[in-house]
Amino acid sequence: MPDSCRLETDPSRIPAGRAAPGALGPGQAGRRRRKSRTAFTAQQVLELERRFVFQKYLAPSERDGLAARLGLANAQVVTWFQNRRAKLKRDVEEMRADVASLGTLSPEVQCRLSLPDGAPGPRPGRPDLGHHLSEEEIQVDD
């Protein structure tokens, strides 16, 4: 059989940048299997959300206590809070973009969008776009 048809099994004869058949790629030898996604119970999410409303960041001792009460690992609570802060930031940015785009509409269209059917209208000359949040209310730190 010609050399070009034979399967190379001697690792010393394999050209650089090529792996022997069945060999693991670089960095795969010690790689662990990824942990499956945690499915939080409704009660855990409720408690995490309740805490998040009042506190966006937890001290290590608070985090440990919350994790123990909910039966979660400390890392799960850390990750949940990081993800929730990121979600809040995305939501606030989306809301700001929505408000900015509303500002480009004519006052008549703004009035029609802000009023439910049968509701009394806003003061003449000034459309009411609902409750306005202060900068402090929408501030997100991350």
# chains A, B, ... in the order shown; residues from 1 in each chain; ligands from 1
>>> select_by_dssp(residues="range 47-131 of chain A", states="alpha helix (DSSP H)", output="tab-separated table (two decimals) with C-alpha atoms, in the first residue's frame")
chain	number	residue	atom	x	y	z
A	47	GLU	CA	-37.78	36.14	46.34
A	48	LEU	CA	-34.84	37.14	44.12
A	49	GLU	CA	-37.00	39.73	42.31
A	50	ARG	CA	-38.36	41.05	45.62
A	51	ARG	CA	-34.82	41.54	46.91
A	52	PHE	CA	-33.67	43.09	43.61
A	53	VAL	CA	-36.35	45.80	43.81
A	54	PHE	CA	-34.73	47.13	46.97
A	60	PRO	CA	-21.18	38.83	50.40
A	61	SER	CA	-22.86	38.08	53.73
A	62	GLU	CA	-26.29	39.07	52.34
A	63	ARG	CA	-25.67	36.95	49.24
A	64	ASP	CA	-24.69	33.94	51.36
A	65	GLY	CA	-27.80	34.28	53.52
A	66	LEU	CA	-30.10	34.63	50.52
A	67	ALA	CA	-28.50	31.64	48.78
A	68	ALA	CA	-28.88	29.50	51.91
A	69	ARG	CA	-32.53	30.53	52.41
A	70	LEU	CA	-33.39	29.73	48.79
A	74	ASN	CA	-23.70	31.38	46.08
A	75	ALA	CA	-22.55	31.51	42.43
A	76	GLN	CA	-26.15	31.08	41.25
A	77	VAL	CA	-27.26	34.14	43.23
A	78	VAL	CA	-24.28	36.15	41.94
A	79	THR	CA	-25.08	35.18	38.35
A	80	TRP	CA	-28.81	35.83	38.76
A	81	PHE	CA	-28.15	39.38	40.07
A	82	GLN	CA	-25.63	40.09	37.28
A	83	ASN	CA	-28.11	38.93	34.65
A	84	ARG	CA	-30.97	40.87	36.25
A	85	ARG	CA	-28.94	44.10	36.33
A	86	ALA	CA	-28.08	43.60	32.65
A	87	LYS	CA	-31.78	43.04	31.86
A	88	LEU	CA	-32.74	46.20	33.75
A	89	LYS	CA	-30.14	48.18	31.83
A	90	ARG	CA	-31.46	46.86	28.49
A	91	ASP	CA	-35.05	47.64	29.50
A	92	VAL	CA	-34.17	51.20	30.54
A	93	GLU	CA	-32.28	51.81	27.28
A	94	GLU	CA	-35.24	50.47	25.30
A	95	MET	CA	-37.62	52.71	27.26
A	96	ARG	CA	-35.43	55.75	26.63
A	97	ALA	CA	-35.39	54.95	22.91
A	98	ASP	CA	-39.19	54.59	22.94
A	99	VAL	CA	-39.63	57.95	24.70
A	100	ALA	CA	-37.21	59.60	22.25
A	101	SER	CA	-39.14	58.21	19.29
A	102	LEU	CA	-42.44	59.42	20.82
A	103	GLY	CA	-40.96	62.91	20.96
A	107	PRO	CA	-48.69	66.40	19.33
A	108	GLU	CA	-51.97	65.08	17.87
A	109	VAL	CA	-50.55	61.56	17.50
A	110	GLN	CA	-49.04	61.75	20.99
A	111	CYS	CA	-52.48	62.65	22.39
A	112	ARG	CA	-54.13	59.71	20.63
A	113	LEU	CA	-51.47	57.29	21.90
A	114	SER	CA	-51.64	58.49	25.51
>>> atom_distance(atom1="CA of Ala39 in chain A", atom2="CA of Leu72 in chain A")
10.9 Å
>>> closest_residue(among="A:Tyr57, A:Arg31, A:Thr38, A:Ser106", to="Ala73 in chain A", atoms="only C-alpha atoms")
A:Thr38
>>> atom_distance(atom1="CA of Arg32 in chain A", atom2="CA of Gln44 in chain A")
27.5 Å
